>>> print(open('query16.txt').read())   # compact mmCIF, C-alpha atoms and all ligand atoms
# COMPACT_ATOMS: atom_id res chain seq x y z
CA MET A 1 284.68 -151.86 42.04
CA SER A 2 281.42 -152.42 43.89
CA GLN A 3 283.34 -153.36 47.07
CA LEU A 4 284.41 -149.74 47.33
CA GLN A 5 280.82 -148.51 47.66
CA PRO A 6 279.32 -148.27 51.12
CA ALA A 7 277.19 -151.38 51.80
CA ARG A 8 273.51 -151.02 50.87
CA GLY A 9 271.60 -149.01 53.45
CA THR A 10 274.76 -147.47 54.98
CA ARG A 11 276.12 -143.97 54.39
CA ASP A 12 279.15 -141.81 54.94
CA ILE A 13 278.27 -138.74 56.97
CA TYR A 14 280.59 -135.79 56.50
CA GLY A 15 280.72 -132.06 55.78
CA PRO A 16 277.74 -129.92 56.88
CA GLU A 17 275.61 -133.02 57.55
CA ALA A 18 278.17 -134.33 60.02
CA GLU A 19 278.17 -130.94 61.78
CA LEU A 20 274.38 -131.02 61.94
CA PHE A 21 274.46 -134.57 63.34
CA ARG A 22 276.78 -133.60 66.17
CA SER A 23 274.87 -130.43 66.89
CA VAL A 24 271.51 -132.25 67.10
CA ASP A 25 272.98 -134.90 69.42
CA SER A 26 274.68 -132.40 71.72
CA ARG A 27 271.65 -130.08 71.90
CA ALA A 28 269.42 -133.06 72.75
CA TYR A 29 271.89 -134.16 75.43
CA GLU A 30 272.11 -130.68 76.97
CA ILE A 31 268.31 -130.47 77.19
CA SER A 32 268.09 -134.02 78.62
CA LYS A 33 270.48 -133.01 81.40
CA LEU A 34 267.97 -130.32 82.46
CA TYR A 35 265.59 -133.20 83.19
CA GLY A 36 268.20 -135.16 85.14
CA PHE A 37 269.17 -137.65 82.42
CA ALA A 38 272.78 -138.85 82.45
CA ALA A 39 274.80 -140.35 79.62
CA ILE A 40 275.07 -144.10 79.13
CA SER A 41 276.82 -146.02 76.39
CA THR A 42 276.17 -149.73 75.93
CA PRO A 43 277.84 -152.10 73.44
CA ILE A 44 276.88 -152.09 69.78
CA PHE A 45 276.49 -155.86 69.90
CA GLU A 46 274.98 -158.08 72.58
CA PHE A 47 274.18 -161.77 72.95
CA LYS A 48 271.35 -162.58 70.56
CA ASP A 49 268.83 -163.25 73.34
CA VAL A 50 269.04 -159.70 74.65
CA PHE A 51 267.06 -158.61 71.60
CA HIS A 52 265.38 -161.76 70.37
CA ARG A 53 263.56 -162.56 73.59
CA THR A 54 262.61 -159.02 74.48
CA LEU A 55 261.50 -157.34 71.27
CA GLY A 56 259.29 -160.31 70.34
CA GLU A 57 260.10 -163.20 67.99
CA THR A 58 257.16 -162.16 65.78
CA SER A 59 258.12 -158.48 65.59
CA ASP A 60 259.50 -157.40 62.21
CA VAL A 61 262.69 -156.21 63.86
CA VAL A 62 263.50 -159.68 65.20
CA SER A 63 261.95 -161.92 62.55
CA LYS A 64 263.37 -160.10 59.52
CA GLU A 65 265.74 -157.33 60.42
CA THR A 66 268.45 -158.27 62.90
CA TYR A 67 272.07 -158.73 61.95
CA THR A 68 272.78 -161.87 63.93
CA PHE A 69 275.92 -163.95 63.48
CA THR A 70 278.09 -166.48 65.21
CA ASP A 71 281.41 -165.00 66.26
CA ARG A 72 284.72 -166.83 66.16
CA GLY A 73 284.16 -168.17 69.65
CA GLY A 74 280.84 -169.72 68.63
CA GLU A 75 278.66 -167.13 70.44
CA GLU A 76 275.52 -165.92 68.69
CA VAL A 77 275.55 -162.15 68.79
CA THR A 78 273.29 -159.45 67.36
CA LEU A 79 274.12 -155.92 66.26
CA ARG A 80 271.78 -153.77 68.30
CA PRO A 81 268.61 -152.81 66.39
CA GLU A 82 267.59 -150.41 69.17
CA GLY A 83 268.83 -149.16 72.54
CA THR A 84 266.25 -150.09 75.16
CA ALA A 85 266.96 -153.82 75.51
CA GLY A 86 270.72 -153.19 75.85
CA ILE A 87 270.11 -150.64 78.60
CA ALA A 88 267.78 -153.07 80.39
CA ARG A 89 270.52 -155.73 80.13
CA SER A 90 273.06 -153.27 81.50
CA PHE A 91 270.70 -152.32 84.37
CA ILE A 92 270.55 -155.98 85.39
CA SER A 93 274.17 -156.99 84.84
CA GLU A 94 275.57 -153.84 86.51
CA GLY A 95 273.24 -154.33 89.51
CA MET A 96 271.75 -150.86 89.24
CA ALA A 97 268.52 -151.74 91.06
CA GLN A 98 269.85 -150.19 94.29
CA ASN A 99 269.98 -146.74 92.77
CA LEU A 100 266.50 -146.22 91.42
CA PRO A 101 265.11 -144.10 89.90
CA LEU A 102 267.61 -143.78 87.05
CA LYS A 103 267.45 -141.70 83.91
CA PHE A 104 269.68 -142.34 80.92
CA TYR A 105 270.46 -140.53 77.68
CA TYR A 106 272.16 -142.39 74.84
CA SER A 107 272.99 -141.97 71.19
CA GLY A 108 274.71 -144.06 68.57
CA PRO A 109 274.36 -146.38 65.59
CA MET A 110 271.65 -149.05 65.34
CA PHE A 111 271.33 -151.80 62.73
CA ARG A 112 268.25 -153.18 60.99
CA TYR A 113 268.14 -155.15 57.76
CA GLU A 114 265.35 -153.05 56.21
CA ARG A 115 264.60 -152.04 52.64
CA PRO A 116 266.45 -148.73 52.33
CA GLN A 117 264.53 -145.61 51.33
CA LYS A 118 264.51 -141.91 52.22
CA GLY A 119 264.98 -141.69 55.99
CA ARG A 120 265.36 -145.47 56.36
CA TYR A 121 268.77 -147.11 56.51
CA ARG A 122 270.34 -150.36 57.61
CA GLN A 123 272.82 -148.52 59.79
CA PHE A 124 271.08 -145.52 61.28
CA HIS A 125 271.51 -143.46 64.43
CA GLN A 126 269.25 -142.91 67.36
CA LEU A 127 269.33 -140.61 70.32
CA GLY A 128 267.08 -141.68 73.14
CA VAL A 129 266.19 -141.59 76.80
CA GLU A 130 265.11 -144.26 79.29
CA SER A 131 263.58 -143.44 82.67
CA LEU A 132 263.75 -146.46 84.98
CA GLY A 133 262.05 -147.10 88.30
CA SER A 134 258.98 -144.89 88.26
CA GLU A 135 255.46 -146.28 87.97
CA SER A 136 253.97 -142.81 88.04
CA PRO A 137 252.36 -141.32 84.92
CA LEU A 138 254.49 -138.28 85.72
CA ALA A 139 257.47 -140.20 84.32
CA ASP A 140 255.64 -140.70 81.01
CA ILE A 141 254.68 -137.03 80.95
CA GLU A 142 258.26 -136.04 81.72
CA VAL A 143 259.82 -138.05 78.87
CA ILE A 144 257.21 -136.82 76.39
CA ALA A 145 257.80 -133.23 77.56
CA LEU A 146 261.53 -133.73 77.12
CA GLY A 147 261.01 -135.05 73.57
CA TRP A 148 258.79 -132.09 72.80
CA GLN A 149 261.32 -129.58 74.18
CA ILE A 150 264.06 -131.12 72.04
CA ILE A 151 261.84 -131.04 68.94
CA SER A 152 260.85 -127.44 69.73
CA GLU A 153 264.40 -126.22 70.36
CA LEU A 154 265.50 -127.78 67.07
CA GLY A 155 262.80 -125.61 65.47
CA LEU A 156 260.81 -128.68 64.41
CA SER A 157 257.57 -128.37 66.38
CA GLN A 158 255.90 -126.83 63.34
CA PHE A 159 256.67 -130.02 61.36
CA CYS A 160 255.69 -132.59 64.00
CA GLN A 161 252.58 -133.98 65.66
CA VAL A 162 252.46 -136.01 68.86
CA GLU A 163 250.32 -139.14 68.57
CA LEU A 164 249.39 -140.98 71.73
CA ASN A 165 247.72 -144.25 72.65
CA THR A 166 247.54 -146.71 75.50
CA LEU A 167 247.92 -150.47 75.44
CA GLY A 168 246.78 -150.68 79.05
CA ASP A 169 247.96 -153.16 81.64
CA GLN A 170 248.41 -156.91 81.32
CA GLU A 171 244.72 -157.58 81.94
CA SER A 172 243.63 -155.07 79.26
CA ARG A 173 246.04 -156.70 76.86
CA GLN A 174 244.63 -160.16 77.51
CA ASN A 175 241.05 -158.88 77.15
CA TYR A 176 241.89 -157.31 73.87
CA ARG A 177 243.83 -160.27 72.58
CA GLN A 178 240.85 -162.51 73.24
CA LYS A 179 238.41 -160.14 71.52
CA LEU A 180 240.70 -159.76 68.53
CA VAL A 181 241.18 -163.51 68.12
CA GLU A 182 237.40 -164.03 68.30
CA TYR A 183 236.94 -161.38 65.64
CA LEU A 184 239.70 -162.68 63.34
CA THR A 185 238.98 -166.41 63.59
CA PRO A 186 236.39 -166.52 60.76
CA TYR A 187 238.85 -164.60 58.51
CA ARG A 188 241.88 -166.67 59.43
CA SER A 189 242.39 -168.33 56.05
CA GLN A 190 241.98 -164.99 54.23
CA LEU A 191 244.79 -163.27 56.15
CA SER A 192 248.24 -162.74 54.61
CA ALA A 193 250.85 -165.42 55.26
CA ASP A 194 252.67 -163.14 57.73
CA SER A 195 249.50 -162.49 59.68
CA GLN A 196 248.55 -166.17 59.72
CA ALA A 197 251.95 -166.92 61.20
CA ARG A 198 251.28 -164.31 63.91
CA PHE A 199 247.79 -165.56 64.68
CA GLU A 200 248.93 -168.06 67.29
CA LYS A 201 252.01 -166.39 68.67
CA ASN A 202 251.05 -162.75 68.78
CA PRO A 203 247.76 -161.82 67.11
CA MET A 204 248.12 -158.18 68.16
CA ARG A 205 250.97 -157.81 65.69
CA ILE A 206 248.41 -158.36 62.92
CA LEU A 207 247.18 -154.82 63.64
CA ASP A 208 250.50 -153.56 62.25
CA SER A 209 250.05 -155.39 58.93
CA LYS A 210 250.71 -153.38 55.78
CA ASP A 211 248.83 -155.94 53.63
CA GLU A 212 245.79 -154.35 51.94
CA GLY A 213 243.62 -157.46 52.42
CA ASP A 214 244.49 -157.59 56.12
CA LYS A 215 243.79 -153.87 56.47
CA LYS A 216 240.28 -154.37 55.05
CA ILE A 217 239.55 -157.18 57.46
CA LEU A 218 240.88 -155.05 60.33
CA GLN A 219 238.60 -152.12 59.55
CA GLN A 220 235.83 -153.58 61.70
CA ALA A 221 238.15 -155.07 64.33
CA PRO A 222 237.36 -154.29 67.99
CA LEU A 223 239.09 -151.21 69.36
CA TYR A 224 241.63 -151.41 72.12
CA SER A 225 239.86 -148.70 74.07
CA GLN A 226 236.87 -151.02 74.58
CA CYS A 227 239.01 -153.55 76.44
CA LEU A 228 240.92 -151.31 78.87
CA THR A 229 240.62 -151.91 82.59
CA GLU A 230 239.48 -149.02 84.79
CA ALA A 231 243.00 -148.61 86.19
CA SER A 232 244.43 -148.34 82.67
CA VAL A 233 241.85 -145.75 81.66
CA ALA A 234 242.68 -143.71 84.77
CA PHE A 235 246.44 -143.94 84.09
CA PHE A 236 245.96 -142.75 80.53
CA ALA A 237 243.67 -139.91 81.65
CA LYS A 238 246.43 -138.61 83.96
CA ILE A 239 248.90 -138.56 81.08
CA GLN A 240 246.53 -136.64 78.88
CA SER A 241 245.74 -134.10 81.56
CA GLY A 242 249.46 -133.63 82.35
CA LEU A 243 250.29 -132.99 78.71
CA LYS A 244 247.41 -130.52 78.47
CA GLN A 245 248.68 -128.69 81.55
CA LEU A 246 252.09 -128.39 79.92
CA GLY A 247 250.56 -127.13 76.68
CA ILE A 248 251.94 -130.02 74.64
CA PRO A 249 249.65 -130.62 71.66
CA PHE A 250 248.75 -134.26 70.99
CA SER A 251 246.12 -136.40 69.36
CA ILE A 252 244.94 -139.89 70.22
CA ASN A 253 245.62 -142.52 67.59
CA GLU A 254 243.85 -145.72 68.59
CA LYS A 255 245.65 -147.65 65.86
CA LEU A 256 249.08 -146.90 67.33
CA VAL A 257 250.35 -150.22 68.73
CA ARG A 258 254.14 -149.93 68.01
CA GLY A 259 256.24 -152.67 66.49
CA LEU A 260 258.05 -153.98 69.58
CA ASP A 261 256.54 -156.39 72.11
CA TYR A 262 257.75 -154.85 75.35
CA TYR A 263 255.25 -152.00 75.61
CA CYS A 264 252.35 -151.54 78.03
CA HIS A 265 250.23 -148.49 78.93
CA THR A 266 251.50 -145.40 77.14
CA VAL A 267 252.79 -145.51 73.56
CA PHE A 268 253.55 -142.45 71.46
CA GLU A 269 255.05 -141.31 68.21
CA PHE A 270 256.10 -137.86 67.05
CA THR A 271 255.37 -137.94 63.33
CA SER A 272 256.01 -135.55 60.49
CA ASN A 273 254.50 -135.38 57.03
CA HIS A 274 257.68 -133.76 55.73
CA LEU A 275 259.57 -137.06 55.65
CA GLY A 276 257.81 -139.09 52.98
CA ALA A 277 256.81 -142.65 53.86
CA GLN A 278 258.98 -142.81 57.00
CA SER A 279 256.96 -140.41 59.11
CA ALA A 280 258.05 -141.37 62.66
CA VAL A 281 260.72 -139.05 64.02
CA LEU A 282 260.62 -140.01 67.69
CA ALA A 283 258.81 -142.94 69.24
CA GLY A 284 258.53 -144.82 72.49
CA GLY A 285 256.41 -145.82 75.43
CA ARG A 286 256.20 -147.59 78.77
CA TYR A 287 257.76 -151.04 79.25
CA ASP A 288 257.03 -152.11 82.82
CA GLY A 289 257.57 -155.83 82.22
CA LEU A 290 260.80 -155.73 80.21
CA ILE A 291 263.45 -155.89 82.93
CA GLU A 292 261.62 -158.63 84.83
CA MET A 293 261.16 -160.61 81.61
CA MET A 294 264.94 -160.46 81.14
CA GLY A 295 265.50 -161.94 84.59
CA GLY A 296 265.95 -158.73 86.58
CA PRO A 297 263.93 -157.30 89.47
CA LYS A 298 260.48 -155.92 88.61
CA THR A 299 261.32 -152.41 87.44
CA PRO A 300 259.03 -150.08 85.51
CA GLY A 301 260.42 -148.03 82.64
CA VAL A 302 259.43 -145.50 80.03
CA GLY A 303 261.43 -143.89 77.24
CA TRP A 304 261.78 -143.07 73.58
CA ALA A 305 264.26 -142.91 70.74
CA ALA A 306 264.50 -140.52 67.80
CA GLY A 307 266.13 -141.21 64.44
CA ILE A 308 268.98 -138.71 64.11
CA GLU A 309 268.93 -138.95 60.28
CA ARG A 310 265.25 -138.04 60.35
CA LEU A 311 265.81 -135.18 62.81
CA CYS A 312 268.56 -133.88 60.52
CA LEU A 313 266.40 -134.15 57.39
CA LEU A 314 263.94 -131.83 59.10
CA ALA A 315 266.51 -129.66 60.88
CA GLN A 316 268.54 -128.78 57.80
CA GLU A 317 265.96 -126.04 57.18
CA THR A 318 265.83 -124.78 60.74
CA ILE A 319 269.35 -125.03 62.14
CA LYS A 320 272.15 -122.86 60.92
CA ILE A 321 275.52 -123.95 62.15
CA ASN A 322 277.99 -121.12 62.34
CA PRO A 323 281.57 -122.31 62.23
CA PRO A 324 283.81 -120.60 64.80
CA ALA A 325 285.55 -117.44 63.60
CA LEU A 326 288.66 -118.69 61.82
CA ILE A 327 291.99 -116.87 61.70
CA ALA A 328 294.30 -117.56 58.76
CA ILE A 329 298.00 -117.14 59.44
CA LEU A 330 300.14 -116.42 56.41
CA PRO A 331 303.92 -116.44 56.77
CA ALA A 332 305.18 -114.17 53.98
CA GLU A 333 308.59 -115.83 53.84
CA GLU A 334 310.36 -118.86 55.20
CA ARG A 335 312.10 -116.86 57.93
CA ALA A 336 308.70 -116.18 59.57
CA GLU A 337 307.50 -119.79 59.56
CA GLY A 338 308.90 -120.71 62.97
CA TYR A 339 307.28 -117.69 64.58
CA THR A 340 303.91 -118.30 62.91
CA LEU A 341 303.99 -121.95 63.98
CA LYS A 342 304.33 -120.85 67.61
CA LEU A 343 301.61 -118.25 67.12
CA THR A 344 299.11 -120.91 65.94
CA GLN A 345 299.87 -122.94 69.03
CA GLU A 346 299.29 -119.94 71.29
CA LEU A 347 296.04 -118.99 69.55
CA ARG A 348 294.70 -122.55 69.84
CA ALA A 349 295.75 -122.69 73.48
CA ASN A 350 293.53 -119.62 73.91
CA HIS A 351 290.68 -121.42 72.10
CA LEU A 352 290.88 -119.34 68.94
CA ALA A 353 290.51 -121.38 65.74
CA CYS A 354 293.30 -120.84 63.22
CA GLU A 355 294.95 -122.35 60.16
CA LEU A 356 298.55 -121.92 59.15
CA LEU A 357 298.75 -121.49 55.38
CA THR A 358 302.20 -122.30 54.04
CA SER A 359 301.84 -123.44 50.44
CA GLY A 360 301.97 -121.22 47.36
CA ASN A 361 302.72 -117.54 46.96
CA MET A 362 300.95 -114.78 48.88
CA GLY A 363 298.16 -114.52 46.26
CA LYS A 364 297.42 -118.22 46.58
CA LYS A 365 297.49 -118.08 50.36
CA MET A 366 295.01 -115.19 50.36
CA LYS A 367 292.69 -117.13 48.05
CA ARG A 368 292.92 -120.15 50.32
CA ALA A 369 292.18 -117.99 53.39
CA ASN A 370 289.01 -116.80 51.66
CA LYS A 371 288.04 -120.30 50.64
CA ILE A 372 288.23 -121.74 54.15
CA GLY A 373 286.03 -118.89 55.38
CA ALA A 374 288.65 -117.07 57.47
CA THR A 375 287.38 -113.91 59.11
CA THR A 376 290.87 -112.50 59.66
CA ALA A 377 294.26 -112.95 57.99
CA ILE A 378 297.52 -112.38 59.82
CA ILE A 379 300.47 -111.78 57.56
CA ILE A 380 303.95 -111.97 59.01
CA GLY A 381 307.14 -111.61 56.96
CA GLY A 382 310.77 -110.95 57.86
CA SER A 383 310.34 -107.17 57.95
CA GLU A 384 307.27 -107.45 60.23
CA LEU A 385 309.24 -109.74 62.52
CA ASP A 386 312.10 -107.24 62.69
CA ARG A 387 309.68 -104.46 63.59
CA GLY A 388 307.71 -106.66 66.05
CA VAL A 389 304.40 -106.26 64.21
CA ALA A 390 301.93 -108.28 62.12
CA THR A 391 299.68 -107.12 59.27
CA VAL A 392 296.11 -107.97 60.21
CA LYS A 393 293.38 -107.96 57.58
CA ASN A 394 289.70 -108.10 58.52
CA PHE A 395 287.88 -109.86 55.66
CA ALA A 396 284.45 -108.57 56.66
CA THR A 397 285.41 -104.86 56.52
CA GLY A 398 288.40 -105.14 54.20
CA GLU A 399 290.33 -103.04 56.76
CA GLN A 400 294.05 -103.77 57.10
CA LYS A 401 296.35 -102.55 59.89
CA GLU A 402 299.56 -103.35 61.68
CA LEU A 403 299.37 -104.61 65.26
CA PRO A 404 302.21 -105.20 67.72
CA LEU A 405 303.11 -108.89 68.05
CA ALA A 406 303.43 -108.52 71.81
CA ASP A 407 299.69 -108.26 72.43
CA LEU A 408 298.40 -109.82 69.20
CA VAL A 409 296.79 -112.81 70.94
CA ASN A 410 295.00 -110.60 73.47
CA THR A 411 293.77 -108.25 70.74
CA LEU A 412 292.42 -111.19 68.72
CA LYS A 413 290.80 -112.67 71.84
CA ARG A 414 288.89 -109.45 72.35
CA GLY A 415 287.60 -109.98 68.78
P1 LIG A 501 261.51 -147.52 67.09
O1 LIG A 501 260.16 -146.95 66.80
O2 LIG A 501 261.81 -148.84 66.52
O3 LIG A 501 261.66 -147.53 68.66
O4 LIG A 501 262.61 -146.51 66.59
C1 LIG A 501 262.64 -145.16 67.07
C2 LIG A 501 263.00 -144.21 65.93
O5 LIG A 501 264.21 -144.62 65.29
C3 LIG A 501 261.98 -144.17 64.79
O6 LIG A 501 260.89 -143.34 65.11
C4 LIG A 501 262.82 -143.60 63.67
O7 LIG A 501 262.93 -142.19 63.79
C5 LIG A 501 264.20 -144.22 63.93
N1 LIG A 501 264.41 -145.40 63.06
C6 LIG A 501 263.98 -146.66 63.25
N2 LIG A 501 264.39 -147.47 62.24
C7 LIG A 501 265.09 -146.69 61.38
C8 LIG A 501 265.80 -146.93 60.15
N3 LIG A 501 265.88 -148.13 59.60
N4 LIG A 501 266.41 -145.87 59.55
C9 LIG A 501 266.38 -144.63 60.11
N5 LIG A 501 265.74 -144.36 61.27
C10 LIG A 501 265.12 -145.36 61.91
C11 LIG A 501 262.76 -147.99 69.34
O8 LIG A 501 263.82 -148.22 68.81
C12 LIG A 501 262.56 -148.06 70.83
N6 LIG A 501 263.81 -148.58 71.43
C13 LIG A 501 262.21 -146.70 71.39
C14 LIG A 501 262.04 -146.72 72.88
C15 LIG A 501 262.93 -146.31 73.79
N7 LIG A 501 261.00 -147.19 73.52
C16 LIG A 501 261.20 -147.07 74.82
N8 LIG A 501 262.38 -146.55 74.99
>>> encode(input="query16.txt", output="C-alpha cells", more="lines below")
Ligand code: HAM
Amino acid sequence: MSQLQPARGTRDIYGPEAELFRSVDSRAYEISKLYGFAAISTPIFEFKDVFHRTLGETSDVVSKETYTFTDRGGEEVTLRPEGTAGIARSFISEGMAQNLPLKFYYSGPMFRYERPQKGRYRQFHQLGVESLGSESPLADIEVIALGWQIISELGLSQFCQVELNTLGDQESRQNYRQKLVEYLTPYRSQLSADSQARFEKNPMRILDSKDEGDKKILQQAPLYSQCLTEASVAFFAKIQSGLKQLGIPFSINEKLVRGLDYYCHTVFEFTSNHLGAQSAVLAGGRYDGLIEMMGGPKTPGVGWAAGIERLCLLAQETIKINPPALIAILPAEERAEGYTLKLTQELRANHLACELLTSGNMGKKMKRANKIGATTAIIIGGSELDRGVATVKNFATGEQKELPLADLVNTLKRG
C-alpha cells in the first residue's frame, strides 16, 4: 500500500518532535519581537513568476526544484520554495511602501524537489525574518544579531559558526562577472553541462558547482574581493566592525555566494558540522534590487531564514521541554462522574491541565495516570462526595490526603 506512505521527502511530525518544533518557532518569534519584528503570513502558493523571475532561472531552486503546476483555472502556480519573494510580492500588492521601515517574522512549510537526505526534505519548514526599507549596514548587523541571539538562546551557539561574505553592489558584480568570464572562457568546453548552460545566463552560478572538474578549474578563479568597489568595501567593513562590537564571532568565507540570484552586498550562513552534509542552519543576506525587479518601488531589504528541521536536529540535545503539571481525575464510581466532569472544566478554566480517566477499574486508572505523567491524582467516589472531600495523591512524594471539595481548585492552583 505505497499510497499510504508519506510522499518521498515529506514527514509526519508528532510527539516530542512536534513539541520541539513549536517551541523553537515560538522562542524565535518572541526574540524577534524584541527587535521589532512583527508576524506575517503569506500564501503557500503564488503565481509562478513570483519565484521564477526573482530567484533566478538558472538557480537550482528554480531550474530543478520548484513544484509548479497549472491549476484548474489554467493559472501556473508554484508552491513556495522560500519566503522572501512572497513577502516582497505582498509588500508590493498590499501597498506597504508608505509604512517603511518594516520588519517581518514568518514561519511555515516550504517546498523544493530535492534529493532527500538527513536534514533535507521536499517539504520542510523555515522560520525567517525580513527587514525592509533600510539601506544602512545597521540593518544587516541587526538581523545577524537577531539570528545569533536565537541560536544562542536555543543553546546552539556551541554548534554553529557564522560565515560572512559580500557580493558588493551592482558595479562590483559586473566587474566580477567580467573577470570570471575572461578566466573561464578558455575552459568553457571542459566545464560540466550545467555550468556550460550557466555560462551565458549567469556565470556566477558556476561558483556554486558541485562538479569535481569544475571545482578544479575554479581553484585559480579570480576572487570576488578583488573586484569590489570602494563603497562596497566600506559597507562590508561597517558590518564587520558592528559584529565585532556586539561580540558575535564570524569568519569571512570568500566562496560564499548563495544559491539565489537576488542578493547583493552582505551574504551569510550559520553553519554547523553536527548536521552531516546539510550544514547550513540559517542563511540570508541583503537584496536591495528584489522589490524593484518585481515591479515595486526601489526598496532595500535584508533578512534570513533558518530550517526548523535543522534547528530541531541540533536542539534535541539542548532543549528540554517540560510538559505542564498534569492532574489526573479518577471518579471511583459512576455516581461521581458528573461532579468530576464539572471539576475538569473548572480546572481547565483556571489554566490547570487535567485528564478525566473513566475507563477500567481503579487499578487501571491509577496505571493510566502514571503513564500520562500525571503529577497528582484526584480520586472522588460516592462517599467522598457525601463528605464533601476528595482524596488527593501526590505522585512525586507518594503522599495522600483528603482535601475539602470547596477549595480544591484554589489549593491545586497554589500547587
Ligand atoms: P536558503 O539558503 O535557500 O535561503 O534556505 C534557508 C535555510 O532553509 C537553509 O539554511 C536550511 O536550513 C533550510 N533549508 C533549505 N532547503 C531545505 C530543505 N530541502 N530541507 C530542509 N531545510 C532546508 C532562503 O530560503 C532565503 N529566502 C533566505 C533569506 C531570507 N534571504 C533573505 N531573506
>>> atom_distance(input="query16.txt", atom1="CA of Asn202 in chain A", atom2="CA of Thr58 in chain A")
6.8 Å
>>> atom_distance(input="query16.txt", atom1="CA of Tyr263 in chain A", atom2="CA of Ala283 in chain A")
11.6 Å
>>> residues_near_point(input="query16.txt", point="(264.1, -160.5, 80.8)", cutoff="10 Å", atoms="only C-alpha atoms", output="MDAnalysis selection string")
chainID A and resid 49:51 53:54 85 88:89 92 289:298
>>> residues_near_point(input="query16.txt", point="(249.4, -153.1, 80.8)", cutoff="6 Å", atoms="all atoms listed in the file", output="VMD selection string")
chain A and resid 168 to 170 264 to 265
>>> write_last_selection(input="query16.txt", atoms="C-alpha atoms", output="mmCIF file, in the coordinates of the input")
data_model
loop_
_atom_site.group_PDB
_atom_site.id
_atom_site.type_symbol
_atom_site.label_atom_id
_atom_site.label_comp_id
_atom_site.auth_asym_id
_atom_site.auth_seq_id
_atom_site.Cartn_x
_atom_site.Cartn_y
_atom_site.Cartn_z
ATOM 1 C CA GLY A 168 246.780 -150.680 79.050
ATOM 2 C CA ASP A 169 247.960 -153.160 81.640
ATOM 3 C CA GLN A 170 248.410 -156.910 81.320
ATOM 4 C CA CYS A 264 252.350 -151.540 78.030
ATOM 5 C CA HIS A 265 250.230 -148.490 78.930
#
>>> closest_residue(input="query16.txt", among="A:Lys103, A:Arg122, A:Arg177, A:Arg27", to="ligand LIG 501 (chain A)", atoms="only C-alpha atoms and all ligand atoms")
A:Arg122
>>> closest_residue(input="query16.txt", among="A:His351, A:His125, A:Lys255, A:Lys393", to="ligand LIG 501 (chain A)", atoms="only C-alpha atoms and all ligand atoms")
A:His125
>>> residues_near_ligand(input="query16.txt", ligand="ligand LIG 501 (chain A)", cutoff="9 Å", atoms="all atoms listed in the file", output="MDAnalysis selection string")
chainID A and resid 9 61 81:85 110:131 258:260 262:263 267 269:271 278:287 301:311
>>> residues_around(input="query16.txt", residues="Ser209 in chain A", least_positions_apart="2", cutoff="10 Å", atoms="only C-alpha atoms", output="list of chain:residue names")
A:Leu191, A:Ser192, A:Asp194, A:Ser195, A:Met204, A:Arg205, A:Ile206, A:Leu207, A:Asp211, A:Glu212, A:Gly213, A:Asp214, A:Lys215, A:Leu218
>>> atom_distance(input="query16.txt", atom1="CA of Thr318 in chain A", atom2="CA of Gln161 in chain A")
16.9 Å
>>> closest_residue(input="query16.txt", among="A:Ile379, A:Leu4, A:Ile144, A:Leu156", to="Ile319 in chain A", atoms="all atoms listed in the file")
A:Leu156
>>> residues_around(input="query16.txt", residues="Ile372 in chain A", least_positions_apart="5", cutoff="10 Å", atoms="all atoms listed in the file", output="number ranges by chain")
A: 326-328, 355, 367
>>> closest_residue(input="query16.txt", among="A:Ile248, A:Asp71, A:Tyr187, A:Arg198", to="Gly56 in chain A", atoms="all atoms listed in the file")
A:Arg198
>>> residues_around(input="query16.txt", residues="Ser232 in chain A", least_positions_apart="2", cutoff="9 Å", atoms="only C-alpha atoms", output="list in words")
Thr166, Leu167, Gly168, Asp169, Ser172, Leu228, Thr229, Glu230, Ala234, Phe235, Phe236, Ala237 and His265 of chain A
>>> residues_around(input="query16.txt", residues="range 331-345 of chain A", least_positions_apart="3", cutoff="12 Å", atoms="only C-alpha atoms", output="ChimeraX atom specification")
/A:326-328,348-366,377-386,388-391,405-410,412
>>> residues_around(input="query16.txt", residues="Phe45 in chain A", least_positions_apart="5", cutoff="8 Å", atoms="only C-alpha atoms", output="list of chain:residue names")
A:Val77, A:Thr78, A:Leu79, A:Arg80
>>> closest_residue(input="query16.txt", among="A:Lys201, A:Lys371, A:Glu94, A:Ser189", to="Ile217 in chain A", atoms="all atoms listed in the file")
A:Ser189
